[in-house]
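A.B. asks: This is query.tsv (TSV, C-alpha atoms).
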chain	number	residue	atom	x	y	z
A	19	ARG	CA	-8.97	-10.88	-8.07
A	20	THR	CA	-9.20	-8.52	-11.04
A	21	PRO	CA	-8.86	-10.24	-14.46
A	22	ARG	CA	-5.90	-9.21	-16.54
A	23	GLY	CA	-6.34	-6.69	-19.31
A	24	ARG	CA	-6.13	-7.48	-22.99
A	25	ALA	CA	-4.79	-5.67	-26.06
A	26	TRP	CA	-7.18	-5.58	-29.02
A	27	ARG	CA	-6.99	-4.43	-32.60
A	28	ALA	CA	-9.59	-2.08	-34.06
A	29	ALA	CA	-11.79	-4.83	-35.49
A	30	GLU	CA	-11.93	-6.59	-32.14
A	31	VAL	CA	-12.94	-3.39	-30.38
A	32	ARG	CA	-15.74	-2.69	-32.87
A	33	ALA	CA	-17.04	-6.25	-32.68
A	34	ARG	CA	-17.34	-6.16	-28.91
A	35	PHE	CA	-18.30	-2.52	-28.43
A	36	PRO	CA	-20.19	-1.07	-31.45
A	37	ALA	CA	-20.08	2.49	-30.11
A	38	TYR	CA	-16.40	2.59	-31.10
A	39	GLU	CA	-17.08	2.28	-34.82
A	40	ARG	CA	-14.48	4.90	-35.77
A	41	PHE	CA	-11.51	3.06	-34.38
A	42	ASP	CA	-9.56	2.41	-37.56
A	43	GLY	CA	-5.79	2.12	-37.33
A	44	GLU	CA	-5.71	2.05	-33.55
A	45	ARG	CA	-5.27	-0.52	-30.83
A	46	ALA	CA	-6.88	-0.62	-27.41
A	47	TYR	CA	-6.05	-2.00	-24.02
A	48	PHE	CA	-9.18	-3.35	-22.33
A	49	GLU	CA	-9.19	-3.62	-18.56
A	50	PRO	CA	-12.10	-5.79	-17.35
A	51	GLY	CA	-11.98	-4.41	-13.82
A	52	ALA	CA	-12.28	-0.77	-14.86
A	53	GLY	CA	-15.40	1.30	-14.31
A	54	PHE	CA	-16.61	4.64	-13.03
A	55	ALA	CA	-18.14	6.15	-9.90
A	56	MET	CA	-21.12	8.49	-9.64
A	57	PRO	CA	-19.63	11.39	-7.64
A	58	GLU	CA	-22.87	12.77	-6.20
A	59	ARG	CA	-23.93	9.36	-4.90
A	60	VAL	CA	-20.47	8.62	-3.54
A	61	VAL	CA	-20.25	11.92	-1.67
A	62	ALA	CA	-23.76	11.47	-0.24
A	63	ALA	CA	-22.89	7.96	0.93
A	64	GLN	CA	-19.62	9.13	2.49
A	65	LEU	CA	-21.29	11.98	4.37
A	66	SER	CA	-24.09	9.70	5.56
A	67	ARG	CA	-21.60	7.13	6.81
A	68	ALA	CA	-19.52	9.81	8.53
A	69	GLU	CA	-22.56	11.13	10.39
A	70	ALA	CA	-23.57	7.60	11.38
A	71	LEU	CA	-20.13	7.20	12.95
A	72	GLY	CA	-20.49	10.42	14.93
A	73	ALA	CA	-19.08	13.09	12.64
A	74	ARG	CA	-20.69	16.53	12.51
A	75	VAL	CA	-20.98	17.70	8.90
A	76	ARG	CA	-21.03	21.46	8.34
A	77	LEU	CA	-22.00	22.32	4.78
A	78	ASN	CA	-21.50	25.75	3.20
A	79	THR	CA	-19.07	26.76	5.95
A	80	PRO	CA	-16.01	28.43	4.39
A	81	VAL	CA	-12.81	27.97	6.37
A	82	GLU	CA	-11.07	31.30	6.87
A	83	SER	CA	-7.87	30.24	8.57
A	84	ILE	CA	-5.99	27.34	10.15
A	85	ALA	CA	-3.26	28.03	12.69
A	86	PRO	CA	-1.31	26.28	15.44
A	87	ASP	CA	-2.76	26.67	18.93
A	88	GLY	CA	-0.54	25.29	21.66
A	89	SER	CA	-0.43	21.54	21.15
A	90	GLY	CA	-3.34	21.61	18.71
A	91	VAL	CA	-4.87	23.58	15.87
A	92	VAL	CA	-7.42	26.38	15.75
A	93	VAL	CA	-9.77	26.67	12.76
A	94	ARG	CA	-11.85	29.75	12.03
A	95	ALA	CA	-14.82	29.07	9.79
A	96	ALA	CA	-17.80	31.30	9.02
A	97	GLY	CA	-17.15	33.39	12.11
A	98	GLU	CA	-16.83	30.39	14.42
A	99	THR	CA	-13.68	29.23	16.19
A	100	LEU	CA	-13.01	25.49	16.41
A	101	ARG	CA	-10.13	23.74	18.16
A	102	ALA	CA	-8.81	20.27	17.47
A	103	ALA	CA	-5.82	18.10	18.25
A	104	ASN	CA	-5.38	17.36	14.54
A	105	VAL	CA	-6.73	18.77	11.29
A	106	VAL	CA	-6.94	17.08	7.91
A	107	LEU	CA	-6.85	19.72	5.18
A	108	ALA	CA	-8.50	18.51	1.97
A	109	ALA	CA	-9.26	21.90	0.45
A	110	GLY	CA	-8.80	21.03	-3.22
A	111	ALA	CA	-8.53	24.13	-5.38
A	112	TRP	CA	-8.50	26.33	-2.27
A	113	LEU	CA	-5.43	24.61	-0.81
A	114	PRO	CA	-2.91	27.24	-2.05
A	115	GLY	CA	-4.67	29.82	0.12
A	116	PHE	CA	-3.64	27.91	3.24
A	117	LEU	CA	0.03	27.71	2.26
A	118	ALA	CA	2.98	30.05	2.24
A	119	THR	CA	3.93	31.38	-1.19
A	120	THR	CA	6.86	28.96	-1.53
A	121	HIS	CA	4.53	25.98	-1.52
A	122	ALA	CA	1.42	27.60	-2.99
A	123	ARG	CA	3.20	28.54	-6.21
A	124	GLN	CA	4.03	24.88	-6.83
A	125	LEU	CA	0.34	24.08	-7.21
A	126	THR	CA	-1.68	25.01	-10.27
A	127	VAL	CA	-5.47	25.29	-10.31
A	128	THR	CA	-7.00	24.85	-13.75
A	129	ARG	CA	-10.56	24.93	-15.07
A	130	GLN	CA	-11.81	21.87	-16.94
A	131	THR	CA	-14.88	21.55	-19.16
A	132	LEU	CA	-17.18	18.53	-19.29
A	133	HIS	CA	-19.68	17.84	-22.05
A	134	TRP	CA	-22.68	15.56	-22.54
A	135	PHE	CA	-23.79	14.52	-26.03
A	136	ALA	CA	-27.09	12.86	-26.91
A	137	PRO	CA	-26.94	9.19	-27.95
A	138	PRO	CA	-28.94	7.99	-30.98
A	139	ALA	CA	-32.55	6.81	-30.55
A	140	ASP	CA	-31.29	3.27	-30.02
A	141	ALA	CA	-28.87	3.98	-27.20
A	142	SER	CA	-28.15	0.35	-26.32
A	143	ALA	CA	-24.58	0.52	-27.67
A	144	TYR	CA	-23.85	3.40	-25.28
A	145	ALA	CA	-25.01	1.69	-22.09
A	146	PRO	CA	-22.38	0.94	-19.39
A	147	GLU	CA	-22.34	-2.78	-20.13
A	148	ARG	CA	-21.60	-2.15	-23.82
A	149	MET	CA	-19.47	0.99	-23.77
A	150	PRO	CA	-16.49	0.91	-21.41
A	151	VAL	CA	-14.93	4.12	-20.15
A	152	PHE	CA	-12.43	5.31	-22.76
A	153	ILE	CA	-9.21	7.30	-22.63
A	154	TRP	CA	-7.36	8.81	-25.58
A	155	ASN	CA	-4.52	11.29	-25.22
A	156	ASP	CA	-6.83	14.18	-26.07
A	157	LEU	CA	-10.24	12.86	-25.04
A	158	TYR	CA	-11.83	10.68	-22.41
A	159	GLY	CA	-15.37	9.83	-21.50
A	160	PHE	CA	-18.12	7.68	-20.10
A	161	PRO	CA	-21.21	5.81	-21.30
A	162	VAL	CA	-24.80	6.88	-20.68
A	163	ALA	CA	-24.87	6.45	-16.91
A	164	VAL	CA	-28.52	7.30	-16.20
A	165	PRO	CA	-31.70	6.80	-18.27
A	166	GLY	CA	-32.21	9.72	-20.59
A	167	GLY	CA	-28.69	10.98	-20.05
A	168	GLY	CA	-25.89	11.62	-22.49
A	169	VAL	CA	-22.41	10.35	-23.26
A	170	LYS	CA	-20.04	12.34	-21.06
A	171	ILE	CA	-16.86	13.51	-22.80
A	172	ALA	CA	-14.06	15.73	-21.57
A	173	THR	CA	-10.54	16.88	-22.27
A	174	GLU	CA	-7.75	18.08	-19.99
A	175	ALA	CA	-6.62	21.71	-20.21
A	176	LEU	CA	-3.72	22.36	-17.88
A	177	ASP	CA	-2.36	25.63	-19.23
A	178	ALA	CA	-4.73	28.33	-17.94
A	179	VAL	CA	-4.41	28.88	-14.18
A	180	VAL	CA	-7.55	30.22	-12.48
A	181	ASP	CA	-8.70	31.66	-9.16
A	182	PRO	CA	-11.26	29.20	-7.68
A	183	ASP	CA	-13.27	32.08	-6.21
A	184	ALA	CA	-13.52	33.92	-9.52
A	185	VAL	CA	-13.72	31.11	-12.07
A	186	ALA	CA	-16.37	31.11	-14.81
A	187	HIS	CA	-18.66	28.12	-14.30
A	188	ASP	CA	-20.60	28.37	-17.56
A	189	VAL	CA	-19.25	26.53	-20.60
A	190	THR	CA	-18.97	28.89	-23.56
A	191	LEU	CA	-20.05	28.30	-27.15
A	192	ALA	CA	-16.40	28.57	-28.18
A	193	GLU	CA	-15.51	25.72	-25.82
A	194	ILE	CA	-18.34	23.60	-27.19
A	195	ASP	CA	-17.23	24.34	-30.76
A	196	LEU	CA	-13.67	23.37	-29.87
A	197	VAL	CA	-14.51	19.88	-28.60
A	198	THR	CA	-17.40	19.00	-30.93
A	199	PRO	CA	-15.38	18.17	-34.10
A	200	ARG	CA	-13.21	15.72	-32.16
A	201	VAL	CA	-16.31	14.12	-30.66
A	202	ARG	CA	-17.97	13.84	-34.07
A	203	ALA	CA	-14.87	12.21	-35.53
A	204	ALA	CA	-14.79	9.59	-32.79
A	205	PHE	CA	-18.54	9.04	-32.35
A	206	PRO	CA	-20.41	10.13	-35.51
A	207	LEU	CA	-23.78	8.82	-34.29
A	208	LEU	CA	-23.92	11.06	-31.25
A	209	GLY	CA	-26.41	13.89	-31.47
A	210	ALA	CA	-26.69	17.35	-30.01
A	211	HIS	CA	-24.59	18.81	-27.26
A	212	LEU	CA	-26.93	18.46	-24.28
A	213	ARG	CA	-25.12	20.41	-21.61
A	214	GLY	CA	-21.75	21.42	-20.24
A	215	ALA	CA	-20.21	21.81	-16.82
A	216	THR	CA	-16.89	22.77	-15.29
A	217	CYS	CA	-14.66	21.45	-12.54
A	218	LEU	CA	-11.27	22.36	-11.09
A	219	TYR	CA	-8.00	20.44	-11.07
A	220	THR	CA	-5.33	21.22	-8.49
A	221	SER	CA	-2.06	19.79	-9.77
A	222	THR	CA	1.41	19.24	-8.38
A	223	PRO	CA	4.50	19.65	-10.59
A	224	ASP	CA	4.64	15.91	-11.33
A	225	PHE	CA	0.83	15.47	-11.46
A	226	ASN	CA	0.95	13.07	-8.54
A	227	PHE	CA	-0.75	13.33	-5.16
A	228	TRP	CA	0.34	15.46	-2.23
A	229	VAL	CA	-0.68	13.61	0.93
A	230	GLY	CA	1.43	14.25	3.99
A	231	PRO	CA	2.29	16.68	6.79
A	232	HIS	CA	1.72	20.40	6.38
A	233	PRO	CA	5.11	22.00	5.62
A	234	VAL	CA	4.83	24.47	8.51
A	235	THR	CA	1.91	23.79	10.85
A	236	ALA	CA	2.22	20.78	13.12
A	237	ASN	CA	-0.79	18.48	13.51
A	238	VAL	CA	-2.15	19.41	10.07
A	239	THR	CA	-2.19	16.76	7.35
A	240	ILE	CA	-2.45	17.80	3.71
A	241	VAL	CA	-4.74	15.63	1.55
A	242	SER	CA	-4.56	17.43	-1.78
A	243	ALA	CA	-3.65	18.24	-4.46
A	244	CYS	CA	-4.66	15.12	-6.34
A	245	SER	CA	-3.92	16.45	-9.83
A	246	GLY	CA	-7.35	15.62	-11.22
A	247	HIS	CA	-7.34	11.91	-10.50
A	248	GLY	CA	-7.93	11.64	-6.77
A	249	PHE	CA	-11.68	11.17	-6.34
A	250	LYS	CA	-11.79	7.49	-7.14
A	251	HIS	CA	-9.13	6.87	-4.51
A	252	ALA	CA	-10.91	8.85	-1.80
A	253	ALA	CA	-12.01	5.88	0.31
A	254	ALA	CA	-8.55	4.30	0.44
A	255	VAL	CA	-6.77	7.60	1.03
A	256	GLY	CA	-9.27	8.40	3.77
A	257	GLU	CA	-8.51	5.14	5.55
A	258	ALA	CA	-4.79	5.79	5.27
A	259	ILE	CA	-5.15	9.29	6.72
A	260	VAL	CA	-7.26	8.09	9.64
A	261	SER	CA	-4.59	5.53	10.42
A	262	ARG	CA	-1.88	8.18	10.20
A	263	VAL	CA	-3.66	10.74	12.38
A	264	LEU	CA	-4.81	8.27	15.03
A	265	GLY	CA	-1.54	6.36	15.10
A	266	GLY	CA	-2.97	3.06	13.96
A	267	THR	CA	-1.86	0.57	11.35
A	268	GLY	CA	-3.46	0.27	7.96
A	269	ILE	CA	-2.96	1.45	4.41
A	270	GLU	CA	0.44	3.05	3.98
A	271	ILE	CA	0.89	6.32	2.14
A	272	PRO	CA	3.73	6.30	-0.42
A	273	GLU	CA	6.66	8.40	0.72
A	274	THR	CA	6.77	10.13	-2.66
A	275	TRP	CA	3.39	11.74	-1.90
A	276	ALA	CA	4.48	13.31	1.39
A	277	SER	CA	6.30	16.40	0.13
A	278	LEU	CA	6.43	18.78	-2.81
A	279	SER	CA	10.21	18.97	-2.73
A	280	GLN	CA	12.25	17.43	-5.54
A	281	ARG	CA	9.31	17.08	-7.90
A	282	ALA	CA	9.87	17.64	-11.59
Please express the file's structure as C-alpha cells.
C.D. replies:
Amino acid sequence: RTPRGRAWRAAEVRARFPAYERFDGERAYFEPGAGFAMPERVVAAQLSRAEALGARVRLNTPVESIAPDGSGVVVRAAGETLRAANVVLAAGAWLPGFLATTHARQLTVTRQTLHWFAPPADASAYAPERMPVFIWNDLYGFPVAVPGGGVKIATEALDAVVDPDAVAHDVTLAEIDLVTPRVRAAFPLLGAHLRGATCLYTSTPDFNFWVGPHPVTANVTIVSACSGHGFKHAAAVGEAIVSRVLGGTGIEIPETWASLSQRA
C-alpha cells in the first residue's frame, strides 16, 4: 500500500532535499510512492517480453494504411500486406494520419524540448534518493538518473502544432536561452547545459487519454492519444487492451476515454 502524501513548507523541503534550496515562499506536496521510469529500458523490457510470449517485433516498418477486410483488418506496412482479426493502433503522433478529418483535427501534435544540466562536483544532493521528481506549473524535472548524467528539466509547450514527419529534432540556442533563466532561478548550483532533445505530445481536447474503438473501422482499437502522460501507464493500459480485444476480464478502461465526442 502506498503511503499517503504530505504537505510541507519551504523550510521542510530544504531540510529534507537540499537541491531545492530556492524554495522560499512556496509549499510542496510530497508523495512517497512517486518515482520515474527509464523509457529506453522499459521499452526494451516490453519488447523482450513480447517476443518471449510469441510476438513478432518489426522495427523500422512504417505502416502505410489500415483498412477493413471482410471480418478482419488489412495492414499495409513497408510494402507488405498483413491481415489480422483485430488491430491495436498505438501510433502516437502519427495517429491523425489514420483518421478521417473530423477526428484528426481534434488531436494536436506538439513538439516538446527536454534539457539536461550539469550538477555540481558534489552531486549527492541530486541523486534519486535525495531529489524527488518535481513539478511546477512551468517546469518539471528529474534527478541525475545515471552516473555522470545531468538533471533533466523540461517545460510543456502546447501551442505550436507540428507535422511529426517534418519536425525539427535539434534543440535551438534560442530554446536553451528561454529555459535557462528559469532553471538558474530554481537551481542556482546547476552548471552548464549538457544537451537537449525533443519529443512529441499528441493531445486530445481535454488532455485525457483516447483509448477505445476506432470511430469508423471495426476491429481496430485506438490506444492514443495520451496527451503527454501515457508512457508510465503503458503496462496497465496494455493489459486492459488485451482483455478488451480477446474478450477476457481484467482492468477496465474508463468510459470517458472511449470517444472524442463531448470533450471540452
A.B. asks: Do you know which residues are at most 8 Å from region 179-187 of chain A counting all atoms listed in the file, after dropping those on the same chain fewer than 2 positions away, and could you put them as a PyMOL selection string?
C.D. replies: chain A and resi 111-112+126-129+176-177+189+215-218
A.B. asks: Could you save the residues just selected, with C-alpha atoms, as an mmCIF file, keeping the file's coordinate frame?
C.D. replies:
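Here's the written file selection29.cif:
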data_model
loop_
_atom_site.group_PDB
_atom_site.id
_atom_site.type_symbol
_atom_site.label_atom_id
_atom_site.label_comp_id
_atom_site.auth_asym_id
_atom_site.auth_seq_id
_atom_site.Cartn_x
_atom_site.Cartn_y
_atom_site.Cartn_z
ATOM 1 C CA ALA A 111 -8.530 24.130 -5.380
ATOM 2 C CA TRP A 112 -8.500 26.330 -2.270
ATOM 3 C CA THR A 126 -1.680 25.010 -10.270
ATOM 4 C CA VAL A 127 -5.470 25.290 -10.310
ATOM 5 C CA THR A 128 -7.000 24.850 -13.750
ATOM 6 C CA ARG A 129 -10.560 24.930 -15.070
ATOM 7 C CA LEU A 176 -3.720 22.360 -17.880
ATOM 8 C CA ASP A 177 -2.360 25.630 -19.230
ATOM 9 C CA VAL A 189 -19.250 26.530 -20.600
ATOM 10 C CA ALA A 215 -20.210 21.810 -16.820
ATOM 11 C CA THR A 216 -16.890 22.770 -15.290
ATOM 12 C CA CYS A 217 -14.660 21.450 -12.540
ATOM 13 C CA LEU A 218 -11.270 22.360 -11.090
#
A.B. asks: Pro233 (chain A): which residues within 10 Å, counting only C-alpha atoms, same-chain residues fewer than 6 positions away excluded, as JSON, numbers by chain?
C.D. replies: {"A": [117, 118, 121, 239, 240, 276, 277, 278]}
A.B. asks: Got a sec: who's within 12 Å of region 42-46 of chain A, counting all atoms listed in the file, leaving out chain neighbours fewer than 2 positions off, as a PDB file with C-alpha atoms, in the coordinates of the input?
C.D. replies:
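The file below, part-v1.pdb, is the result:
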ATOM      1  CA  GLY A  23      -6.340  -6.690 -19.310  1.00  0.00           C
ATOM      2  CA  ARG A  24      -6.130  -7.480 -22.990  1.00  0.00           C
ATOM      3  CA  ALA A  25      -4.790  -5.670 -26.060  1.00  0.00           C
ATOM      4  CA  TRP A  26      -7.180  -5.580 -29.020  1.00  0.00           C
ATOM      5  CA  ARG A  27      -6.990  -4.430 -32.600  1.00  0.00           C
ATOM      6  CA  ALA A  28      -9.590  -2.080 -34.060  1.00  0.00           C
ATOM      7  CA  ALA A  29     -11.790  -4.830 -35.490  1.00  0.00           C
ATOM      8  CA  GLU A  30     -11.930  -6.590 -32.140  1.00  0.00           C
ATOM      9  CA  VAL A  31     -12.940  -3.390 -30.380  1.00  0.00           C
ATOM     10  CA  ARG A  32     -15.740  -2.690 -32.870  1.00  0.00           C
ATOM     11  CA  ARG A  34     -17.340  -6.160 -28.910  1.00  0.00           C
ATOM     12  CA  PHE A  35     -18.300  -2.520 -28.430  1.00  0.00           C
ATOM     13  CA  TYR A  38     -16.400   2.590 -31.100  1.00  0.00           C
ATOM     14  CA  GLU A  39     -17.080   2.280 -34.820  1.00  0.00           C
ATOM     15  CA  ARG A  40     -14.480   4.900 -35.770  1.00  0.00           C
ATOM     16  CA  PHE A  48      -9.180  -3.350 -22.330  1.00  0.00           C
ATOM     17  CA  GLU A  49      -9.190  -3.620 -18.560  1.00  0.00           C
ATOM     18  CA  PRO A 150     -16.490   0.910 -21.410  1.00  0.00           C
ATOM     19  CA  VAL A 151     -14.930   4.120 -20.150  1.00  0.00           C
ATOM     20  CA  PHE A 152     -12.430   5.310 -22.760  1.00  0.00           C
ATOM     21  CA  ILE A 153      -9.210   7.300 -22.630  1.00  0.00           C
ATOM     22  CA  TRP A 154      -7.360   8.810 -25.580  1.00  0.00           C
ATOM     23  CA  ALA A 203     -14.870  12.210 -35.530  1.00  0.00           C
ATOM     24  CA  ALA A 204     -14.790   9.590 -32.790  1.00  0.00           C
TER      25      ALA A 204
END
A.B. asks: CA of Val106 (chain A) to CA of Gly265 (chain A): how many Å, to one decimal?
C.D. replies: 14.0 Å
A.B. asks: Counting all atoms listed in the file, which of A:Glu147, A:Ala141, A:His247, A:Val81 gets nearest to Gly168 (chain A)?
C.D. replies: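 Ranking A:Glu147, A:Ala141, A:His247, A:Val81 by distance to Gly168 (chain A), first place goes to A:Ala141.
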A.B. asks: Which residues are near Lys170 (chain A)? Cut-off 7 Å, all atoms listed in the file, ignore same chain within fewer than 6 positions. Put them as a list in words.
C.D. replies: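 Answer for this query is His133, Trp134, Phe135, Gly159, Phe160 and Pro161 of chain A.
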A.B. asks: Just checking: using all atoms listed in the file, which residue out of A:Asn226, A:Asn104, A:Ser89, A:Thr190 ends up closest to Leu264 (chain A)?
C.D. replies: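 Going through A:Asn226, A:Asn104, A:Ser89, A:Thr190 one by one, the smallest distance to Leu264 (chain A) is for A:Asn104.
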A.B. asks: Could you check the closest approach to Ala178 (chain A) for each of A:Gln130, A:Asp140, A:Pro146, A:Leu207 and tell me which residue wins, using all atoms listed in the file?
C.D. replies: A:Gln130
